[in-house]
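A short worksheet on the structure shown next.
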Amino acid sequence: MAATFESSKMSEREKTIFQSKVFNDPIHGHLALHPLLIKIIDTKQFQRLRYIKQLGGAYFVYPGASHNRFEHSIGVAHLAGELARALRTRQPELEITDEDILCVQIAGLCHDLGHGPFSHLYDGMFIKKQKEMKRNERKEEKKCPELDWKHEEASKAMFDYLVKDNKLEEEMKHWRLDLTKDLVFIKEMINGPLNAEAAQDNEWPYEGRGQEKSFLYEIVSNKRNGIDVDKFDYFARDFYHLGMKNNFDYRRFIHFARVCEVDGKKQICVRDKEAVNIYDMFHTRYSLHKRACQHKVHTNIEAMITDAFVKADGHIKIKGSGGRKYTLSTAMEDMEAYTKLTDRVFEEILFSSSDELKEAREILERIISRDLYRFLGEMQTETPEDVINAWKEDLKEPLDHGLRPEDFEALDITLNYGMNDENPVDHLHFYSKENPDKAFKRRKEEVSQLLPTNFSETIIRFYCKKTKTDKKGLSAAQNYFDRWHENYKQDRDDGTPENSHGGNNQLI
């Protein structure tokens with residue numbers, strides 16, 4: 001019979017190794033996770049991530065993109081530990097503790113707990129569209145704060161619910177975690193300061209760790225420049241499942257990562273010779289979004305799923321705490337209800353026989369039978385709001401051939417390096433081999449003359465919702481869009497770059 005921990009003379013490290021579990025991951029190989037991470041994984045709140053696609057509707061475009069948030073979260077937890085341990089080994093003076101590393105890994109494991117059905121579709125498209133529709137129905141002019149809801153907020157709430165519902169407090173104390181300071185630290189790493197307004201008035205906005213450990217906040221979700229292990233995992237994992245090549249090697253970054261002091265705070269820096277590789281990393285992000293996440297068929301399908309969810313909202317009831325019922329768009333207000341909301345709502349609608357879900361069901365049936373919205377065209381622009389407003393104004397005029405404004409969909413797609421129109425490498429510091437403790441920046445021109453000058457672009461895509469059997473309607477919609485696009489270009493004579501160059505505002 002195996003000896004118990006009480007009767008054995010195992011060290012704390014040996015006990016941890018003994019209780020760890022090994023996962024065989026297709027991306028990172030065999031990886032061992034801390035016993036506390038296993039306790040978190042073996043909960044219904046975390047297991048829910050098995051049923052949420054990492055790339056949302058991309059699975060309907062790329063047959064290999066069947067991976068879920070579950071395995072991505074495990075991968076991020078693993079890489080968070082790898083980077084933290086590498087820094088501790090390389091720089092013992094940082095005094096990174098076992099508890100620091102465990103907290104960083106928990107943050108990596110739980111950073112995506114708040115994702116809804118089809119990942120970014122839920123908060124980026126469905127919630128936004130539903131709230132906007134409700135606001136327009138109430139004829140409210142002022143901006144609604146609910147429109148700014150992001151899944152990271154639900155990740156923090158779901159983490160609290162997970163800990164409480166599964167009574168993990170004692171387990172956490174067993175591994176010497178502070179139930180106040182360390183739990184705050186974990187949630188801060190997921191989504192920044194817990195009290196954002198109060199944090200604006202403080203030089204150091206965080207409560208979980210002091211400035212001497214500021215670099216730990218850059219491992220899972222780097223608010224400074226976007227270089228973090230979350231990206232390292234999803235680059236490798238998404239490209240693998242999409243059947244594409246990933247040119248960025250995160251192992252090299254981890255090898256050359258080093259903490260230096262910058263303006264009184266400690267930041268994760270990298271060797272100066274790695275500057276080109278960092279630019280390659282951000283181009284890899286752009287390429288992933290361009291080729292897959294924002295593929296024109298992918299965005300088409302996600303627009304259709306969004307429309308189906310909007311029509312189904314209110315007709316699907318999800319039981320939450322206290323027996324209260326929630327809808328698709330309100331489930332994130334209650335974590336008990338939200339735990340039950342996954343991609344499986346797609347099949348619930350698709351296979352329903354309810355008359356109330358008929359319109360939603362018909363849209364999903366069109367996806368299955370590949371009767372997608374018709375792509376009419378797309379245009380690059382530096383003024384997306386002007387383009388969409390002009391489009392909507394034109395749709396107010398009488399339309400021919402039975403066309404209606406609701407037959408059209410205009411989607412604005414932004415592609416960038418992760419920091420809107422900024423160059424994220426401007427927010428990264430480097431160090432040299434000769435002086436590894438001195439941090440400095442590298443101007444883009446010093447790295448290469450062949451690097452991009454712009455770091456963001458916006459594309460407006462136009463679709464018609466008529467079915468493929470309505471050939472006359474689709475033809476009329478295509479003709480209408482072509483005429484509108486030509487007239488729009490001719491009317492734009494204000495000398496802006498997108499008109500004067502004749503290339504930014506063109507059909508692609």
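Convention: chains lettered A, B, ... in structure tokens order; per-chain residue numbering from 1; ligands numbered from 1 as shown.
Residues in contact with His315 (chain A) at up to 9 Å, not including ones fewer than 5 positions away on its chain and judged by only C-alpha atoms, are Thr327, Leu328, Glu356 and Leu357 of chain A.
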Backbone-only DSSP, helix (DSSP H, G or I) members of region 64-260 of chain A, as a PyMOL selection string: chain A and resi 69-90+92-94+98-110+120-137+145-148+151-165+169-174+181-191+196-199+211-218+229-242+250-256
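Using only C-alpha atoms, the nearest neighbour of Glu188 (chain A) within the list A:Pro436, A:Gly108, A:Pro384, A:Gly116 is A:Gly108.
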List every residue of region 50-142 of chain A that DSSP, applied to the backbone of this structure, places in strand (DSSP E or B), and write the result as a ChimeraX atom specification. /A:53,68,116,119
10 Å contact set for region 294-303 of chain A, only C-alpha atoms, chain neighbours under 3 positions out, as an MDAnalysis selection string: chainID A and resid 55:62 118 120:122 125:126 286:291 306:309 363:364 366:367 370 372:375 377:378 409:411 413:415 459 461:463 465
Of the candidates A:Ala331, A:Ala476, A:Cys110, A:Ile101, which shows the shortest atom-to-atom distance to Trp175 (chain A), using only C-alpha atoms? A:Ile101
Contacts of Ile38 (chain A) at 12 Å (only C-alpha atoms; same-chain gap of 2+ positions) as a PyMOL selection string: chain A and resi 16+19-23+32-36+40-43+46-47+74+77+105-106+109+168+171
The selected residues should be written to file as a PDB file, in the first residue's frame (atoms: N, CA and C atoms).
```pdb
ATOM      1  N   THR A  16       4.253  17.629  -4.378  1.00  0.00           N
ATOM      2  CA  THR A  16       3.642  18.293  -5.527  1.00  0.00           C
ATOM      3  C   THR A  16       3.801  17.445  -6.780  1.00  0.00           C
ATOM      4  N   GLN A  19       1.561  14.332  -6.749  1.00  0.00           N
ATOM      5  CA  GLN A  19       0.137  14.573  -6.960  1.00  0.00           C
ATOM      6  C   GLN A  19      -0.172  15.201  -8.317  1.00  0.00           C
ATOM      7  N   SER A  20       0.852  15.610  -9.055  1.00  0.00           N
ATOM      8  CA  SER A  20       0.635  16.229 -10.361  1.00  0.00           C
ATOM      9  C   SER A  20       0.114  15.203 -11.356  1.00  0.00           C
ATOM     10  N   LYS A  21      -0.523  15.708 -12.397  1.00  0.00           N
ATOM     11  CA  LYS A  21      -0.983  14.846 -13.482  1.00  0.00           C
ATOM     12  C   LYS A  21      -0.309  15.278 -14.773  1.00  0.00           C
ATOM     13  N   VAL A  22      -0.068  14.316 -15.641  1.00  0.00           N
ATOM     14  CA  VAL A  22       0.616  14.573 -16.897  1.00  0.00           C
ATOM     15  C   VAL A  22      -0.394  14.536 -18.039  1.00  0.00           C
ATOM     16  N   PHE A  23      -0.359  15.577 -18.871  1.00  0.00           N
ATOM     17  CA  PHE A  23      -1.218  15.659 -20.046  1.00  0.00           C
ATOM     18  C   PHE A  23      -0.358  15.491 -21.297  1.00  0.00           C
ATOM     19  N   ALA A  32       3.199  18.465 -17.114  1.00  0.00           N
ATOM     20  CA  ALA A  32       2.697  18.139 -15.782  1.00  0.00           C
ATOM     21  C   ALA A  32       2.101  19.387 -15.152  1.00  0.00           C
ATOM     22  N   LEU A  33       0.910  19.235 -14.563  1.00  0.00           N
ATOM     23  CA  LEU A  33       0.245  20.366 -13.924  1.00  0.00           C
ATOM     24  C   LEU A  33       0.123  20.148 -12.420  1.00  0.00           C
ATOM     25  N   HIS A  34       0.253  21.238 -11.696  1.00  0.00           N
ATOM     26  CA  HIS A  34       0.181  21.266 -10.239  1.00  0.00           C
ATOM     27  C   HIS A  34      -1.152  20.672  -9.757  1.00  0.00           C
ATOM     28  N   PRO A  35      -1.151  19.991  -8.607  1.00  0.00           N
ATOM     29  CA  PRO A  35      -2.386  19.390  -8.072  1.00  0.00           C
ATOM     30  C   PRO A  35      -3.541  20.379  -7.925  1.00  0.00           C
ATOM     31  N   LEU A  36      -3.247  21.629  -7.568  1.00  0.00           N
ATOM     32  CA  LEU A  36      -4.327  22.604  -7.427  1.00  0.00           C
ATOM     33  C   LEU A  36      -4.947  22.925  -8.782  1.00  0.00           C
ATOM     34  N   ILE A  40      -8.960  22.510 -10.087  1.00  0.00           N
ATOM     35  CA  ILE A  40      -9.727  23.507 -10.823  1.00  0.00           C
ATOM     36  C   ILE A  40     -10.260  22.921 -12.130  1.00  0.00           C
ATOM     37  N   ILE A  41      -9.410  22.160 -12.811  1.00  0.00           N
ATOM     38  CA  ILE A  41      -9.827  21.543 -14.077  1.00  0.00           C
ATOM     39  C   ILE A  41     -11.009  20.606 -13.866  1.00  0.00           C
ATOM     40  N   ASP A  42     -11.003  19.876 -12.759  1.00  0.00           N
ATOM     41  CA  ASP A  42     -12.060  18.879 -12.500  1.00  0.00           C
ATOM     42  C   ASP A  42     -13.287  19.524 -11.859  1.00  0.00           C
ATOM     43  N   THR A  43     -13.745  20.619 -12.429  1.00  0.00           N
ATOM     44  CA  THR A  43     -14.976  21.274 -11.988  1.00  0.00           C
ATOM     45  C   THR A  43     -15.864  21.504 -13.202  1.00  0.00           C
ATOM     46  N   PHE A  46     -14.952  24.684 -15.248  1.00  0.00           N
ATOM     47  CA  PHE A  46     -13.845  24.608 -16.194  1.00  0.00           C
ATOM     48  C   PHE A  46     -14.145  23.620 -17.316  1.00  0.00           C
ATOM     49  N   GLN A  47     -14.773  22.489 -16.985  1.00  0.00           N
ATOM     50  CA  GLN A  47     -15.096  21.497 -18.011  1.00  0.00           C
ATOM     51  C   GLN A  47     -16.015  22.060 -19.078  1.00  0.00           C
ATOM     52  N   ILE A  74      -5.370  25.051 -20.748  1.00  0.00           N
ATOM     53  CA  ILE A  74      -4.340  24.191 -20.156  1.00  0.00           C
ATOM     54  C   ILE A  74      -2.967  24.569 -20.714  1.00  0.00           C
ATOM     55  N   ALA A  77      -1.739  27.797 -19.081  1.00  0.00           N
ATOM     56  CA  ALA A  77      -1.268  27.539 -17.721  1.00  0.00           C
ATOM     57  C   ALA A  77       0.140  26.943 -17.742  1.00  0.00           C
ATOM     58  N   GLN A 105       0.013  30.562 -12.910  1.00  0.00           N
ATOM     59  CA  GLN A 105      -0.542  29.424 -13.650  1.00  0.00           C
ATOM     60  C   GLN A 105      -2.063  29.351 -13.526  1.00  0.00           C
ATOM     61  N   ILE A 106      -2.591  29.646 -12.350  1.00  0.00           N
ATOM     62  CA  ILE A 106      -4.042  29.648 -12.172  1.00  0.00           C
ATOM     63  C   ILE A 106      -4.678  30.718 -13.052  1.00  0.00           C
ATOM     64  N   LEU A 109      -4.743  29.432 -16.489  1.00  0.00           N
ATOM     65  CA  LEU A 109      -5.749  28.380 -16.626  1.00  0.00           C
ATOM     66  C   LEU A 109      -7.159  28.961 -16.704  1.00  0.00           C
ATOM     67  N   LEU A 168     -12.953  25.286  -2.771  1.00  0.00           N
ATOM     68  CA  LEU A 168     -11.518  25.144  -2.995  1.00  0.00           C
ATOM     69  C   LEU A 168     -10.668  26.001  -2.058  1.00  0.00           C
ATOM     70  N   GLU A 171      -8.215  23.918  -0.071  1.00  0.00           N
ATOM     71  CA  GLU A 171      -7.171  23.384  -0.948  1.00  0.00           C
ATOM     72  C   GLU A 171      -6.144  24.466  -1.275  1.00  0.00           C
TER      73      GLU A 171
END
```
Within 10 Å of region 477-483 of chain A using only C-alpha atoms, minus same-chain residues under 2 positions, as number ranges by chain: A: 374-377, 391, 395, 399-404, 407-408, 462-466, 471-475, 485-488, 507
Save out the residues we just selected, N, CA and C atoms, as a PDB file, in the first residue's frame.
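Produced file out_27.pdb, reproduced below:
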```pdb
ATOM      1  N   ARG A 374     -25.146  36.104 -49.121  1.00  0.00           N
ATOM      2  CA  ARG A 374     -24.337  36.368 -50.322  1.00  0.00           C
ATOM      3  C   ARG A 374     -23.351  37.509 -50.070  1.00  0.00           C
ATOM      4  N   PHE A 375     -22.082  37.224 -50.307  1.00  0.00           N
ATOM      5  CA  PHE A 375     -21.044  38.250 -50.179  1.00  0.00           C
ATOM      6  C   PHE A 375     -21.129  39.168 -51.384  1.00  0.00           C
ATOM      7  N   LEU A 376     -21.317  40.479 -51.145  1.00  0.00           N
ATOM      8  CA  LEU A 376     -21.471  41.451 -52.227  1.00  0.00           C
ATOM      9  C   LEU A 376     -20.175  42.168 -52.565  1.00  0.00           C
ATOM     10  N   GLY A 377     -19.335  42.371 -51.585  1.00  0.00           N
ATOM     11  CA  GLY A 377     -18.075  43.064 -51.815  1.00  0.00           C
ATOM     12  C   GLY A 377     -17.522  43.607 -50.516  1.00  0.00           C
ATOM     13  N   TRP A 391     -23.992  54.171 -46.027  1.00  0.00           N
ATOM     14  CA  TRP A 391     -24.707  52.979 -46.494  1.00  0.00           C
ATOM     15  C   TRP A 391     -26.107  52.926 -45.890  1.00  0.00           C
ATOM     16  N   LEU A 395     -29.896  53.276 -47.698  1.00  0.00           N
ATOM     17  CA  LEU A 395     -30.904  52.218 -47.588  1.00  0.00           C
ATOM     18  C   LEU A 395     -32.265  52.755 -47.169  1.00  0.00           C
ATOM     19  N   LEU A 399     -36.216  51.017 -52.274  1.00  0.00           N
ATOM     20  CA  LEU A 399     -35.379  50.018 -52.953  1.00  0.00           C
ATOM     21  C   LEU A 399     -36.199  49.277 -54.006  1.00  0.00           C
ATOM     22  N   ASP A 400     -35.524  48.848 -55.069  1.00  0.00           N
ATOM     23  CA  ASP A 400     -36.199  48.138 -56.161  1.00  0.00           C
ATOM     24  C   ASP A 400     -36.247  46.635 -55.904  1.00  0.00           C
ATOM     25  N   HIS A 401     -37.071  45.949 -56.695  1.00  0.00           N
ATOM     26  CA  HIS A 401     -37.124  44.484 -56.734  1.00  0.00           C
ATOM     27  C   HIS A 401     -37.411  43.854 -55.367  1.00  0.00           C
ATOM     28  N   GLY A 402     -38.195  44.558 -54.573  1.00  0.00           N
ATOM     29  CA  GLY A 402     -38.619  43.987 -53.295  1.00  0.00           C
ATOM     30  C   GLY A 402     -37.533  43.942 -52.241  1.00  0.00           C
ATOM     31  N   LEU A 403     -36.406  44.626 -52.460  1.00  0.00           N
ATOM     32  CA  LEU A 403     -35.333  44.649 -51.468  1.00  0.00           C
ATOM     33  C   LEU A 403     -35.737  45.514 -50.278  1.00  0.00           C
ATOM     34  N   ARG A 404     -35.278  45.119 -49.089  1.00  0.00           N
ATOM     35  CA  ARG A 404     -35.544  45.860 -47.857  1.00  0.00           C
ATOM     36  C   ARG A 404     -34.217  46.117 -47.142  1.00  0.00           C
ATOM     37  N   ASP A 407     -32.496  43.244 -45.517  1.00  0.00           N
ATOM     38  CA  ASP A 407     -31.925  42.182 -46.356  1.00  0.00           C
ATOM     39  C   ASP A 407     -30.402  42.295 -46.439  1.00  0.00           C
ATOM     40  N   PHE A 408     -29.842  43.386 -45.901  1.00  0.00           N
ATOM     41  CA  PHE A 408     -28.407  43.625 -46.029  1.00  0.00           C
ATOM     42  C   PHE A 408     -27.720  43.607 -44.659  1.00  0.00           C
ATOM     43  N   PHE A 462     -19.898  43.657 -47.074  1.00  0.00           N
ATOM     44  CA  PHE A 462     -21.331  43.790 -47.322  1.00  0.00           C
ATOM     45  C   PHE A 462     -21.906  42.441 -47.761  1.00  0.00           C
ATOM     46  N   TYR A 463     -23.023  42.078 -47.150  1.00  0.00           N
ATOM     47  CA  TYR A 463     -23.681  40.808 -47.444  1.00  0.00           C
ATOM     48  C   TYR A 463     -25.169  41.033 -47.707  1.00  0.00           C
ATOM     49  N   CYS A 464     -25.756  40.117 -48.479  1.00  0.00           N
ATOM     50  CA  CYS A 464     -27.209  40.087 -48.667  1.00  0.00           C
ATOM     51  C   CYS A 464     -27.747  38.811 -48.044  1.00  0.00           C
ATOM     52  N   LYS A 465     -28.844  38.917 -47.301  1.00  0.00           N
ATOM     53  CA  LYS A 465     -29.362  37.784 -46.536  1.00  0.00           C
ATOM     54  C   LYS A 465     -30.344  36.912 -47.312  1.00  0.00           C
ATOM     55  N   LYS A 466     -30.645  37.260 -48.551  1.00  0.00           N
ATOM     56  CA  LYS A 466     -31.615  36.473 -49.307  1.00  0.00           C
ATOM     57  C   LYS A 466     -31.076  35.073 -49.587  1.00  0.00           C
ATOM     58  N   LYS A 471     -32.783  34.077 -56.924  1.00  0.00           N
ATOM     59  CA  LYS A 471     -31.721  34.545 -57.811  1.00  0.00           C
ATOM     60  C   LYS A 471     -31.948  35.984 -58.256  1.00  0.00           C
ATOM     61  N   LYS A 472     -33.202  36.362 -58.497  1.00  0.00           N
ATOM     62  CA  LYS A 472     -33.484  37.734 -58.915  1.00  0.00           C
ATOM     63  C   LYS A 472     -33.171  38.718 -57.788  1.00  0.00           C
ATOM     64  N   GLY A 473     -33.546  38.337 -56.574  1.00  0.00           N
ATOM     65  CA  GLY A 473     -33.272  39.199 -55.427  1.00  0.00           C
ATOM     66  C   GLY A 473     -31.785  39.375 -55.197  1.00  0.00           C
ATOM     67  N   LEU A 474     -31.014  38.285 -55.340  1.00  0.00           N
ATOM     68  CA  LEU A 474     -29.560  38.362 -55.146  1.00  0.00           C
ATOM     69  C   LEU A 474     -28.906  39.199 -56.240  1.00  0.00           C
ATOM     70  N   SER A 475     -29.398  39.048 -57.461  1.00  0.00           N
ATOM     71  CA  SER A 475     -28.866  39.836 -58.564  1.00  0.00           C
ATOM     72  C   SER A 475     -29.160  41.322 -58.356  1.00  0.00           C
ATOM     73  N   HIS A 485     -21.565  51.665 -54.446  1.00  0.00           N
ATOM     74  CA  HIS A 485     -20.124  51.771 -54.245  1.00  0.00           C
ATOM     75  C   HIS A 485     -19.502  52.763 -55.226  1.00  0.00           C
ATOM     76  N   GLU A 486     -19.921  52.714 -56.481  1.00  0.00           N
ATOM     77  CA  GLU A 486     -19.405  53.651 -57.463  1.00  0.00           C
ATOM     78  C   GLU A 486     -19.804  55.082 -57.122  1.00  0.00           C
ATOM     79  N   ASN A 487     -21.061  55.263 -56.736  1.00  0.00           N
ATOM     80  CA  ASN A 487     -21.536  56.604 -56.374  1.00  0.00           C
ATOM     81  C   ASN A 487     -20.807  57.130 -55.142  1.00  0.00           C
ATOM     82  N   TYR A 488     -20.545  56.239 -54.179  1.00  0.00           N
ATOM     83  CA  TYR A 488     -19.849  56.652 -52.958  1.00  0.00           C
ATOM     84  C   TYR A 488     -18.451  57.151 -53.290  1.00  0.00           C
ATOM     85  N   LEU A 507     -13.049  48.140 -54.034  1.00  0.00           N
ATOM     86  CA  LEU A 507     -13.513  46.768 -53.878  1.00  0.00           C
ATOM     87  C   LEU A 507     -12.324  45.841 -53.919  1.00  0.00           C
TER      88      LEU A 507
END
```
